[in-house]
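Everything below belongs to coords_3.txt, which stores compact mmCIF, C-alpha atoms and all ligand atoms.
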# COMPACT_ATOMS: atom_id res chain seq x y z
CA MET A 1 111.23 98.33 75.86
CA ASN A 2 109.93 95.02 77.22
CA LEU A 3 106.87 93.68 75.39
CA VAL A 4 105.78 91.63 78.39
CA GLY A 5 103.02 93.65 80.01
CA PHE A 6 101.78 95.17 76.75
CA LEU A 7 98.06 94.71 76.20
CA PRO A 8 97.24 92.80 73.00
CA ASN A 9 95.87 95.98 71.42
CA GLU A 10 99.09 97.80 72.36
CA LEU A 11 101.03 95.10 70.53
CA GLU A 12 98.78 95.70 67.52
CA ASP A 13 99.54 99.44 67.70
CA LEU A 14 103.24 98.65 67.88
CA ALA A 15 103.03 96.46 64.78
CA VAL A 16 101.41 99.34 62.90
CA GLU A 17 104.12 101.71 64.13
CA LEU A 18 106.68 99.36 62.63
CA GLY A 19 104.88 99.42 59.30
CA ALA A 20 103.24 96.00 59.68
CA SER A 21 99.57 95.12 59.99
CA ARG A 22 97.60 94.82 63.23
CA TYR A 23 97.48 91.10 62.52
CA ARG A 24 101.24 90.90 63.20
CA GLY A 25 100.56 92.38 66.64
CA ARG A 26 97.99 89.69 67.31
CA GLN A 27 100.51 87.04 66.31
CA LEU A 28 103.00 88.55 68.75
CA ALA A 29 100.42 88.44 71.55
CA THR A 30 99.64 84.83 70.74
CA TRP A 31 103.30 83.81 70.89
CA ILE A 32 104.04 85.61 74.13
CA TYR A 33 100.86 85.07 76.12
CA ARG A 34 99.22 82.00 74.68
CA LYS A 35 102.26 79.95 73.70
CA GLY A 36 104.75 81.25 76.26
CA VAL A 37 107.41 81.82 73.61
CA PHE A 38 109.71 84.75 74.34
CA ASP A 39 112.27 84.39 71.58
CA LEU A 40 111.60 86.37 68.39
CA ASP A 41 113.56 83.85 66.30
CA THR A 42 111.10 81.12 67.21
CA MET A 43 108.07 83.13 66.03
CA SER A 44 108.09 81.38 62.70
CA ASP A 45 104.91 82.86 61.22
CA LEU A 46 106.15 86.45 61.68
CA PRO A 47 107.93 87.71 58.53
CA LYS A 48 111.69 87.98 58.93
CA ASP A 49 111.73 91.74 58.30
CA VAL A 50 109.09 92.35 60.97
CA ARG A 51 111.12 90.30 63.40
CA ALA A 52 114.24 92.26 62.50
CA ARG A 53 112.52 95.59 63.06
CA LEU A 54 111.16 94.35 66.37
CA ALA A 55 114.57 93.10 67.45
CA GLU A 56 116.00 96.61 66.98
CA ARG A 57 113.41 98.20 69.21
CA VAL A 58 112.19 95.73 71.80
CA THR A 59 113.02 92.88 74.13
CA ILE A 60 110.77 90.16 75.49
CA HIS A 61 111.96 89.63 79.00
CA VAL A 62 110.60 87.20 81.57
CA PRO A 63 112.42 87.15 84.89
CA GLU A 64 114.39 84.03 85.72
CA PRO A 65 113.99 82.94 89.34
CA GLU A 66 117.27 83.47 91.12
CA ARG A 67 116.34 80.81 93.65
CA VAL A 68 113.60 78.19 93.91
CA THR A 69 113.08 76.67 97.36
CA ALA A 70 110.88 73.64 97.88
CA SER A 71 108.82 73.15 101.01
CA GLN A 72 108.05 69.81 102.61
CA ASP A 73 104.38 70.44 101.84
CA GLY A 74 104.96 70.62 98.07
CA SER A 75 104.87 74.40 97.71
CA ARG A 76 107.77 76.27 96.17
CA LYS A 77 109.05 79.78 96.74
CA LEU A 78 110.42 81.60 93.70
CA VAL A 79 112.72 84.52 94.40
CA PHE A 80 113.29 86.96 91.54
CA ARG A 81 116.08 89.48 91.30
CA LEU A 82 114.75 92.45 89.35
CA GLY A 83 116.56 94.79 86.99
CA ASP A 84 117.41 97.25 89.75
CA GLY A 85 118.69 94.50 92.05
CA SER A 86 115.66 94.39 94.33
CA ARG A 87 114.09 91.06 95.14
CA ILE A 88 110.53 89.82 95.24
CA SER A 89 109.01 86.41 95.73
CA SER A 90 106.12 84.33 94.42
CA VAL A 91 104.80 81.10 95.90
CA LEU A 92 103.56 78.10 93.90
CA MET A 93 101.08 75.96 95.82
CA PRO A 94 99.80 72.64 94.43
CA ASP A 95 96.55 71.30 95.81
CA ASP A 96 94.91 68.32 94.10
CA ASP A 97 94.34 69.41 90.51
CA ARG A 98 94.91 73.07 91.36
CA LEU A 99 98.17 74.94 91.06
CA THR A 100 97.88 78.33 92.71
CA LEU A 101 100.46 81.07 92.26
CA CYS A 102 100.70 83.85 94.83
CA VAL A 103 102.21 86.97 93.22
CA SER A 104 103.77 90.16 94.56
CA THR A 105 102.75 93.62 93.40
CA GLN A 106 105.29 95.81 95.19
CA VAL A 107 108.81 95.57 96.56
CA GLY A 108 108.02 95.67 100.27
CA CYS A 109 104.79 97.24 101.49
CA GLY A 110 103.92 100.59 103.02
CA PHE A 111 100.92 99.69 105.17
CA GLU A 112 102.74 98.44 108.27
CA CYS A 113 100.27 95.83 109.45
CA ARG A 114 101.79 94.90 112.81
CA PHE A 115 101.63 91.13 112.30
CA CYS A 116 103.17 91.11 108.81
CA LEU A 117 106.89 90.72 108.15
CA THR A 118 106.68 92.34 104.72
CA GLY A 119 105.37 95.43 106.51
CA VAL A 120 108.66 95.60 108.43
CA MET A 121 110.51 96.21 105.12
CA GLY A 122 108.56 99.34 104.29
CA LEU A 123 107.70 100.20 100.71
CA GLU A 124 110.55 100.31 98.22
CA ARG A 125 108.64 100.66 94.97
CA ASN A 126 105.75 99.50 92.81
CA LEU A 127 106.26 96.64 90.40
CA THR A 128 105.59 97.25 86.71
CA ALA A 129 102.95 95.22 84.88
CA ALA A 130 105.86 93.40 83.21
CA GLU A 131 107.23 92.40 86.60
CA ILE A 132 103.86 91.25 87.94
CA LEU A 133 102.91 89.34 84.82
CA GLY A 134 106.51 88.10 84.55
CA GLN A 135 105.98 86.11 87.76
CA VAL A 136 103.10 84.21 86.14
CA LEU A 137 104.96 83.61 82.87
CA ALA A 138 108.06 82.48 84.75
CA ALA A 139 106.05 80.12 86.95
CA ASN A 140 104.31 78.62 83.92
CA ARG A 141 107.69 78.14 82.24
CA LEU A 142 108.95 76.40 85.36
CA CYS A 143 106.09 73.89 85.38
CA ASP A 144 106.92 71.09 83.07
CA GLY A 145 104.76 68.32 81.78
CA GLY A 146 102.20 70.65 80.27
CA GLN A 147 100.83 71.70 83.64
CA ARG A 148 100.34 75.39 84.19
CA VAL A 149 99.26 77.69 86.97
CA THR A 150 95.48 77.32 87.35
CA HIS A 151 94.73 80.00 89.98
CA ILE A 152 96.39 83.32 90.73
CA VAL A 153 96.16 85.17 94.03
CA PHE A 154 97.49 88.70 94.50
CA MET A 155 98.59 87.96 98.05
CA GLY A 156 102.36 88.21 97.89
CA MET A 157 104.44 91.20 98.86
CA GLY A 158 102.76 94.58 98.60
CA GLU A 159 99.30 96.07 98.35
CA PRO A 160 97.76 95.45 94.91
CA LEU A 161 95.33 98.37 95.04
CA ALA A 162 98.17 100.76 95.89
CA ASN A 163 99.69 99.86 92.51
CA TYR A 164 96.41 100.21 90.70
CA ALA A 165 97.36 100.89 87.07
CA ALA A 166 99.87 98.04 86.87
CA LEU A 167 97.42 95.73 88.65
CA VAL A 168 94.58 96.40 86.21
CA GLN A 169 96.89 96.18 83.19
CA THR A 170 98.06 92.77 84.44
CA LEU A 171 94.50 91.58 85.12
CA ARG A 172 93.42 92.56 81.60
CA ILE A 173 96.19 90.51 80.04
CA LEU A 174 95.59 87.56 82.34
CA THR A 175 91.87 87.44 81.60
CA ASP A 176 91.93 88.23 77.87
CA ALA A 177 90.48 85.02 76.45
CA LYS A 178 91.57 85.52 72.86
CA LEU A 179 95.02 87.08 72.92
CA GLY A 180 95.97 87.07 76.60
CA LEU A 181 96.55 84.21 79.00
CA GLY A 182 92.86 83.36 79.06
CA TYR A 183 92.42 82.89 82.81
CA SER A 184 88.85 82.89 84.03
CA PRO A 185 88.44 85.90 86.35
CA ARG A 186 86.93 83.52 88.89
CA ARG A 187 90.35 81.90 89.24
CA ILE A 188 91.96 85.20 90.15
CA THR A 189 91.78 86.84 93.57
CA VAL A 190 92.91 90.35 94.48
CA SER A 191 93.54 90.83 98.17
CA THR A 192 93.59 94.23 99.85
CA VAL A 193 94.18 95.81 103.25
CA GLY A 194 90.95 97.66 102.52
CA LEU A 195 91.64 100.69 100.33
CA VAL A 196 88.04 101.80 99.87
CA PRO A 197 88.49 104.03 96.78
CA GLY A 198 90.48 101.24 95.12
CA ILE A 199 87.77 98.67 95.88
CA GLU A 200 85.15 100.96 94.34
CA LYS A 201 87.29 101.59 91.28
CA LEU A 202 88.07 97.91 90.79
CA GLY A 203 84.36 97.18 90.98
CA ARG A 204 83.79 99.48 88.02
CA GLU A 205 86.41 97.83 85.78
CA ASN A 206 84.11 94.96 84.91
CA LEU A 207 86.95 92.52 85.46
CA LYS A 208 84.87 90.17 87.62
CA VAL A 209 87.85 88.95 89.62
CA ASN A 210 87.43 87.76 93.20
CA LEU A 211 87.99 90.24 95.97
CA ALA A 212 89.61 89.35 99.29
CA ILE A 213 89.62 91.72 102.24
CA SER A 214 92.26 91.46 104.94
CA LEU A 215 89.89 92.22 107.78
CA HIS A 216 91.52 90.65 110.86
CA ALA A 217 89.22 92.39 113.36
CA ALA A 218 85.57 93.39 113.44
CA SER A 219 85.98 96.41 115.70
CA ASP A 220 87.72 99.68 114.89
CA GLU A 221 89.53 99.60 118.19
CA VAL A 222 91.31 96.32 117.50
CA ARG A 223 91.67 96.79 113.76
CA SER A 224 93.27 100.23 114.08
CA GLN A 225 95.84 98.78 116.45
CA LEU A 226 96.71 96.00 114.06
CA MET A 227 96.35 97.86 110.79
CA PRO A 228 97.07 101.60 110.66
CA VAL A 229 95.10 101.78 107.38
CA ASN A 230 91.93 101.38 109.45
CA ARG A 231 92.38 104.98 110.61
CA SER A 232 91.63 106.11 107.06
CA TRP A 233 88.61 103.85 106.45
CA SER A 234 86.70 102.38 109.34
CA VAL A 235 85.43 98.81 109.44
CA GLU A 236 81.90 100.02 108.66
CA THR A 237 83.05 102.08 105.66
CA LEU A 238 85.05 99.13 104.40
CA VAL A 239 82.19 96.67 104.66
CA ALA A 240 79.83 99.18 103.02
CA ALA A 241 82.21 99.34 100.02
CA VAL A 242 82.40 95.54 99.91
CA ARG A 243 78.60 95.30 99.80
CA LYS A 244 78.67 97.31 96.59
CA TYR A 245 81.35 95.25 94.87
CA PRO A 246 79.64 93.58 91.89
CA LEU A 247 79.36 89.81 92.25
CA ALA A 248 78.26 87.09 89.86
CA PRO A 249 75.42 84.81 91.07
CA ARG A 250 77.43 82.39 93.21
CA GLN A 251 80.46 84.59 93.74
CA ARG A 252 81.40 85.74 97.25
CA VAL A 253 83.87 88.12 98.81
CA PHE A 254 86.62 86.50 100.86
CA PHE A 255 87.48 87.89 104.27
CA GLU A 256 90.92 86.98 105.61
CA TYR A 257 91.19 86.89 109.37
CA VAL A 258 94.60 86.21 110.92
CA MET A 259 94.15 84.54 114.29
CA LEU A 260 96.23 86.25 116.97
CA ASP A 261 96.35 84.80 120.47
CA GLY A 262 94.46 86.95 122.96
CA ILE A 263 94.00 89.80 120.46
CA ASN A 264 91.13 88.97 118.10
CA ASP A 265 90.29 85.33 118.83
CA SER A 266 87.64 85.42 121.59
CA PRO A 267 84.05 84.17 121.21
CA GLU A 268 82.97 87.79 121.56
CA ASP A 269 85.23 88.73 118.60
CA ALA A 270 83.58 85.96 116.59
CA ARG A 271 80.09 87.19 117.45
CA ARG A 272 81.07 90.74 116.48
CA LEU A 273 82.28 89.41 113.15
CA VAL A 274 78.99 87.59 112.65
CA ARG A 275 77.08 90.84 113.23
CA LEU A 276 79.36 92.77 110.91
CA LEU A 277 78.96 90.31 108.05
CA ARG A 278 75.21 89.93 108.34
CA GLY A 279 73.78 90.03 104.83
CA VAL A 280 77.22 90.19 103.17
CA ARG A 281 77.93 87.44 100.63
CA ALA A 282 81.05 86.45 102.46
CA LYS A 283 83.41 83.56 102.90
CA VAL A 284 85.76 83.80 105.85
CA ASN A 285 89.26 82.35 105.82
CA LEU A 286 90.82 82.09 109.26
CA ILE A 287 94.61 82.17 108.96
CA PRO A 288 96.44 80.93 112.05
CA PHE A 289 99.21 83.46 112.64
CA ASN A 290 102.57 82.56 111.09
CA ASP A 291 105.39 83.45 113.40
CA TRP A 292 108.50 85.41 112.51
CA ASP A 293 111.55 86.56 114.45
CA GLY A 294 110.78 89.46 116.72
CA SER A 295 107.02 89.42 116.22
CA PRO A 296 104.97 90.36 119.29
CA PHE A 297 102.16 87.92 118.42
CA ARG A 298 101.43 84.24 118.86
CA ARG A 299 99.16 81.71 117.23
CA PRO A 300 96.15 80.78 119.40
CA PRO A 301 95.72 77.17 120.56
CA LEU A 302 93.88 75.04 118.02
CA ALA A 303 90.81 74.68 120.25
CA ARG A 304 90.37 78.44 120.30
CA ILE A 305 90.60 78.67 116.51
CA LEU A 306 88.03 75.90 116.11
CA ALA A 307 85.70 77.50 118.67
CA PHE A 308 85.90 80.76 116.73
CA GLN A 309 85.15 78.91 113.52
CA SER A 310 82.10 77.14 114.97
CA ILE A 311 80.50 80.42 116.02
CA LEU A 312 80.74 81.61 112.42
CA LEU A 313 79.53 78.29 111.05
CA ASP A 314 76.56 78.32 113.44
CA ALA A 315 75.64 81.71 111.98
CA GLU A 316 75.79 80.10 108.53
CA ILE A 317 78.90 81.93 107.40
CA THR A 318 81.12 79.67 105.31
CA THR A 319 84.39 79.61 107.21
CA THR A 320 87.57 77.65 106.63
CA VAL A 321 90.78 77.48 108.56
CA ARG A 322 93.50 78.21 106.07
CA TRP A 323 96.79 76.66 107.15
CA SER A 324 99.44 78.52 105.21
CA LYS A 325 101.78 76.66 102.95
CA GLY A 326 105.53 76.98 102.92
CA GLU A 327 106.03 77.95 106.53
CA ASP A 328 109.31 76.02 106.60
CA ILE A 329 110.75 78.06 103.72
CA GLY A 330 109.58 81.52 104.79
CA ALA A 331 106.84 81.47 102.16
CA ALA A 332 103.74 81.52 104.35
CA CYS A 333 101.28 84.43 104.57
CA GLY A 334 103.01 87.39 106.12
CA GLN A 335 106.49 85.86 106.01
CA LEU A 336 107.65 87.17 102.64
CA ARG A 337 110.71 89.30 103.00
CA GLU A 338 113.66 89.50 100.64
CA PRO A 339 116.50 89.31 101.13
CA ILE A 340 116.16 87.25 104.28
CA PRO A 341 118.56 88.85 106.77
CA ALA A 342 121.43 86.50 107.73
N1 LIG B 401 98.39 93.68 100.98
C1 LIG B 401 97.38 92.72 100.57
C2 LIG B 401 97.98 91.48 99.94
C3 LIG B 401 98.75 90.60 100.89
S1 LIG B 401 97.79 89.19 101.26
C4 LIG B 401 96.53 92.36 101.77
O1 LIG B 401 96.92 92.70 102.87
O2 LIG B 401 95.47 91.78 101.59
C5 LIG B 401 98.65 88.46 102.57
C6 LIG B 401 97.70 88.03 103.67
O3 LIG B 401 98.45 87.45 104.76
C7 LIG B 401 96.95 89.21 104.26
O4 LIG B 401 95.64 88.83 104.59
C8 LIG B 401 97.76 89.47 105.50
O5 LIG B 401 97.07 90.22 106.44
C9 LIG B 401 98.07 88.08 105.96
N2 LIG B 401 99.19 88.01 106.90
C10 LIG B 401 100.16 88.93 107.09
N3 LIG B 401 101.02 88.53 108.04
C11 LIG B 401 100.59 87.33 108.45
C12 LIG B 401 101.10 86.39 109.39
N4 LIG B 401 102.21 86.63 110.08
N5 LIG B 401 100.42 85.25 109.58
C13 LIG B 401 99.29 85.00 108.85
N6 LIG B 401 98.79 85.82 107.94
C14 LIG B 401 99.42 86.99 107.73

Just give me the structure as structure tokens.
Ligand code: SAH
Amino acid sequence: MNLVGFLPNELEDLAVELGASRYRGRQLATWIYRKGVFDLDTMSDLPKDVRARLAERVTIHVPEPERVTASQDGSRKLVFRLGDGSRISSVLMPDDDRLTLCVSTQVGCGFECRFCLTGVMGLERNLTAAEILGQVLAANRLCDGGQRVTHIVFMGMGEPLANYAALVQTLRILTDAKLGLGYSPRRITVSTVGLVPGIEKLGRENLKVNLAISLHAASDEVRSQLMPVNRSWSVETLVAAVRKYPLAPRQRVFFEYVMLDGINDSPEDARRLVRLLRGVRAKVNLIPFNDWDGSPFRRPPLARILAFQSILLDAEITTTVRWSKGEDIGAACGQLREPIPA
């Protein structure tokens, strides 16, 4: 039984089960989540007998990266080997005073977006809350000099909303200000292929995290070709669900749009996107396609990307071109696949 991934109140329950007070559970939560201490022997304010009883029943396990690869651009890819031998990756991306961690939620992914290398792997399994949270704890342990991860994006391998229970459990621990890691929900972003029931459910959790939608096309015709999931929920249905997602006063929903040469990058595509997002509190991130071996797509010329962006900007839609980090180490958007075939 791994305590990582337990909610603070579940740690309190456990303490009671072991004949201690709820207070001992709160101390445990503080050590693990607030102080990043995973060794029972170091938890000096826990009575020896409580520690002994815990040691008989539980472990506190944070995955050790099997490999850390550094990119020329300063980002680092962390590859973890999990208990069952499968591998996942996280990406650490420094940017001025920010340190963003991109985490995985599944081994592989089952949604088969045509432009995504992780989709080629297929879905192997969901990660547990311990394995998702473990990526954050491991990354924080890796950062020395008192720095820690400042922003977390659920944009690694897998579809977060397809692993809903573990996702929400992880988000609760990350955002618990007293006994969890204390991350502001505004520094956390959950990205989805567009699972409408999941978006609605997440909206009701009162977690207040940012939502990102992998849109990639404004018409059903193009989107269904690129993303089979669009056959279950059309573009209109998806945007209708996004409109209902609860937002704080200056909060916006992010729309990711991978730029594919000759597929979704014309001025007409941009104008269709403008019409689709009319009245939506949106921010668009254009992601120039990251190539991988055997992919049928190409990145459009820069001029075409910028022309697309200006149409959106002219319509007063905040739009950035998001150059992926870690392309040289297979860590860029859509390039995560483990193990990398020889
Ligand atoms: N399954 C979730 C989380 C993954 S986020 C989701 O799809 O939102 C990863 C982002 O990178 C998604 O927006 C995805 O569509 C995008 N992406 C996938 N392959 C890519 C590639 N080859 N180049 C650029 N972006 C890509």

Mind checking which residues fall within 12 Å of Glu221 (chain A), counting only C-alpha atoms, ignoring those fewer than 5 positions away in the same chain, and posting them as an NGL selection string?
-> :A and (216 or 226-228 or 230-231 or 234-235 or 263-264 or 269)

Residues within 9 Å of ligand LIG 401 (chain B), counting all atoms listed in the file, as a JSON list (two decimals) with C-alpha atoms, keeping the file's coordinate frame:
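Just written: result09.json:
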[["chain", "number", "residue", "atom", "x", "y", "z"],
["A", 102, "CYS", "CA", 100.70, 83.85, 94.83],
["A", 104, "SER", "CA", 103.77, 90.16, 94.56],
["A", 105, "THR", "CA", 102.75, 93.62, 93.40],
["A", 109, "CYS", "CA", 104.79, 97.24, 101.49],
["A", 111, "PHE", "CA", 100.92, 99.69, 105.17],
["A", 113, "CYS", "CA", 100.27, 95.83, 109.45],
["A", 114, "ARG", "CA", 101.79, 94.90, 112.81],
["A", 115, "PHE", "CA", 101.63, 91.13, 112.30],
["A", 116, "CYS", "CA", 103.17, 91.11, 108.81],
["A", 117, "LEU", "CA", 106.89, 90.72, 108.15],
["A", 118, "THR", "CA", 106.68, 92.34, 104.72],
["A", 119, "GLY", "CA", 105.37, 95.43, 106.51],
["A", 153, "VAL", "CA", 96.16, 85.17, 94.03],
["A", 154, "PHE", "CA", 97.49, 88.70, 94.50],
["A", 155, "MET", "CA", 98.59, 87.96, 98.05],
["A", 156, "GLY", "CA", 102.36, 88.21, 97.89],
["A", 157, "MET", "CA", 104.44, 91.20, 98.86],
["A", 158, "GLY", "CA", 102.76, 94.58, 98.60],
["A", 159, "GLU", "CA", 99.30, 96.07, 98.35],
["A", 160, "PRO", "CA", 97.76, 95.45, 94.91],
["A", 161, "LEU", "CA", 95.33, 98.37, 95.04],
["A", 162, "ALA", "CA", 98.17, 100.76, 95.89],
["A", 190, "VAL", "CA", 92.91, 90.35, 94.48],
["A", 191, "SER", "CA", 93.54, 90.83, 98.17],
["A", 192, "THR", "CA", 93.59, 94.23, 99.85],
["A", 193, "VAL", "CA", 94.18, 95.81, 103.25],
["A", 194, "GLY", "CA", 90.95, 97.66, 102.52],
["A", 212, "ALA", "CA", 89.61, 89.35, 99.29],
["A", 213, "ILE", "CA", 89.62, 91.72, 102.24],
["A", 214, "SER", "CA", 92.26, 91.46, 104.94],
["A", 215, "LEU", "CA", 89.89, 92.22, 107.78],
["A", 216, "HIS", "CA", 91.52, 90.65, 110.86],
["A", 227, "MET", "CA", 96.35, 97.86, 110.79],
["A", 255, "PHE", "CA", 87.48, 87.89, 104.27],
["A", 256, "GLU", "CA", 90.92, 86.98, 105.61],
["A", 257, "TYR", "CA", 91.19, 86.89, 109.37],
["A", 258, "VAL", "CA", 94.60, 86.21, 110.92],
["A", 259, "MET", "CA", 94.15, 84.54, 114.29],
["A", 260, "LEU", "CA", 96.23, 86.25, 116.97],
["A", 286, "LEU", "CA", 90.82, 82.09, 109.26],
["A", 287, "ILE", "CA", 94.61, 82.17, 108.96],
["A", 288, "PRO", "CA", 96.44, 80.93, 112.05],
["A", 289, "PHE", "CA", 99.21, 83.46, 112.64],
["A", 290, "ASN", "CA", 102.57, 82.56, 111.09],
["A", 291, "ASP", "CA", 105.39, 83.45, 113.40],
["A", 292, "TRP", "CA", 108.50, 85.41, 112.51],
["A", 295, "SER", "CA", 107.02, 89.42, 116.22],
["A", 297, "PHE", "CA", 102.16, 87.92, 118.42],
["A", 299, "ARG", "CA", 99.16, 81.71, 117.23],
["A", 323, "TRP", "CA", 96.79, 76.66, 107.15],
["A", 324, "SER", "CA", 99.44, 78.52, 105.21],
["A", 332, "ALA", "CA", 103.74, 81.52, 104.35],
["A", 333, "CYS", "CA", 101.28, 84.43, 104.57],
["A", 334, "GLY", "CA", 103.01, 87.39, 106.12],
["A", 335, "GLN", "CA", 106.49, 85.86, 106.01],
["A", 336, "LEU", "CA", 107.65, 87.17, 102.64]]

What does the distance from CA of Gly110 (chain A) to CA of Asn126 (chain A) come to in Å, to one decimal?
->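 Separating CA of Gly110 (chain A) from CA of Asn126 (chain A) is a distance of 10.4 Å.
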
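Put simply, CA of Leu101 (chain A) is 28.3 Å away from CA of Leu313 (chain A).
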
Show which residues sit within 12 Å of region 24-26 of chain A, as a PyMOL selection string. Count all atoms listed in the file, and ignore same-chain residues fewer than 6 positions away.
-> chain A and resi 3+6-18+32-34+43-51+54+178-180

Kindly export the residues of the current selection with C-alpha atoms, as a PDB file, in the frame of the given file.
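As written to disk, again-v9.pdb reads:
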ATOM      1  CA  LEU A   3     106.870  93.680  75.390  1.00  0.00           C
ATOM      2  CA  PHE A   6     101.780  95.170  76.750  1.00  0.00           C
ATOM      3  CA  LEU A   7      98.060  94.710  76.200  1.00  0.00           C
ATOM      4  CA  PRO A   8      97.240  92.800  73.000  1.00  0.00           C
ATOM      5  CA  ASN A   9      95.870  95.980  71.420  1.00  0.00           C
ATOM      6  CA  GLU A  10      99.090  97.800  72.360  1.00  0.00           C
ATOM      7  CA  LEU A  11     101.030  95.100  70.530  1.00  0.00           C
ATOM      8  CA  GLU A  12      98.780  95.700  67.520  1.00  0.00           C
ATOM      9  CA  ASP A  13      99.540  99.440  67.700  1.00  0.00           C
ATOM     10  CA  LEU A  14     103.240  98.650  67.880  1.00  0.00           C
ATOM     11  CA  ALA A  15     103.030  96.460  64.780  1.00  0.00           C
ATOM     12  CA  VAL A  16     101.410  99.340  62.900  1.00  0.00           C
ATOM     13  CA  GLU A  17     104.120 101.710  64.130  1.00  0.00           C
ATOM     14  CA  LEU A  18     106.680  99.360  62.630  1.00  0.00           C
ATOM     15  CA  ILE A  32     104.040  85.610  74.130  1.00  0.00           C
ATOM     16  CA  TYR A  33     100.860  85.070  76.120  1.00  0.00           C
ATOM     17  CA  ARG A  34      99.220  82.000  74.680  1.00  0.00           C
ATOM     18  CA  MET A  43     108.070  83.130  66.030  1.00  0.00           C
ATOM     19  CA  SER A  44     108.090  81.380  62.700  1.00  0.00           C
ATOM     20  CA  ASP A  45     104.910  82.860  61.220  1.00  0.00           C
ATOM     21  CA  LEU A  46     106.150  86.450  61.680  1.00  0.00           C
ATOM     22  CA  PRO A  47     107.930  87.710  58.530  1.00  0.00           C
ATOM     23  CA  LYS A  48     111.690  87.980  58.930  1.00  0.00           C
ATOM     24  CA  ASP A  49     111.730  91.740  58.300  1.00  0.00           C
ATOM     25  CA  VAL A  50     109.090  92.350  60.970  1.00  0.00           C
ATOM     26  CA  ARG A  51     111.120  90.300  63.400  1.00  0.00           C
ATOM     27  CA  LEU A  54     111.160  94.350  66.370  1.00  0.00           C
ATOM     28  CA  LYS A 178      91.570  85.520  72.860  1.00  0.00           C
ATOM     29  CA  LEU A 179      95.020  87.080  72.920  1.00  0.00           C
ATOM     30  CA  GLY A 180      95.970  87.070  76.600  1.00  0.00           C
TER      31      GLY A 180
END

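In this comparison, which uses all atoms listed in the file, the residue of A:Asp84, A:Glu66, A:Asp95, A:Glu112 approaching Val229 (chain A) most closely is A:Glu112.
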
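The gap separating CA of Leu28 (chain A) from CA of His61 (chain A) is 13.7 Å, in Å to one decimal.
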
All residues 9 Å or closer to Arg304 (chain A), all atoms listed in the file, same chain fewer than 4 positions away omitted, as an MDAnalysis selection string | chainID A and resid 261 265:267 300 308:309

Can you spit out the residues from that selection as a short mmCIF file (atom, residue, chain, number, x, y, z; two decimals), in the frame of the given file, using C-alpha atoms?
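Result file follows (out-v3.cif):
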data_model
loop_
_atom_site.label_atom_id
_atom_site.label_comp_id
_atom_site.auth_asym_id
_atom_site.auth_seq_id
_atom_site.Cartn_x
_atom_site.Cartn_y
_atom_site.Cartn_z
CA ASP A 261 96.35 84.80 120.47
CA ASP A 265 90.29 85.33 118.83
CA SER A 266 87.64 85.42 121.59
CA PRO A 267 84.05 84.17 121.21
CA PRO A 300 96.15 80.78 119.40
CA PHE A 308 85.90 80.76 116.73
CA GLN A 309 85.15 78.91 113.52
#

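The shell of residues at most 6 Å from Ile188 (chain A), with all atoms listed in the file counted and near chain neighbours (fewer than 6 positions) removed, consists of His151, Ile152, Val153 and Val209 of chain A.
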
Neighbour residues at most 9 Å from (96.7, 94.1, 89.0) (only C-alpha atoms) as a VMD selection string = chain A and resid 105 129 132 to 133 154 160 to 161 163 to 172 190

Find, counting all atoms listed in the file, the residue in A:Asp176, A:Glu268, A:Glu56, A:Glu338 that gets nearest to Ala307 (chain A).
-> A:Glu268

Ref. answer, residues at most 10 Å from (115.2, 92.1, 91.0) with all atoms listed in the file, as a list in words | Pro63, Glu64, Pro65, Glu66, Val79, Phe80, Arg81, Leu82, Gly83, Asp84, Gly85, Ser86, Arg87, Ile88, Ser89, Val107 and Glu131 of chain A

Which one of A:Arg243, A:Arg53, A:Arg271, A:Lys35 sits closest to Asp314 (chain A) if you count all atoms listed in the file?
-> A:Arg271

Across A:Ala138, A:Ala70, A:Ile311, A:Ile329, the smallest distance to Arg275 (chain A), with only C-alpha atoms counted, is shown by A:Ile311

Can you work out which one of A:Ala331, A:Val120, A:Ala218, A:Leu207 has the shortest atom-to-atom distance to Leu273 (chain A), counting only C-alpha atoms?
->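 For Leu273 (chain A), the nearest of the given residues is A:Ala218.
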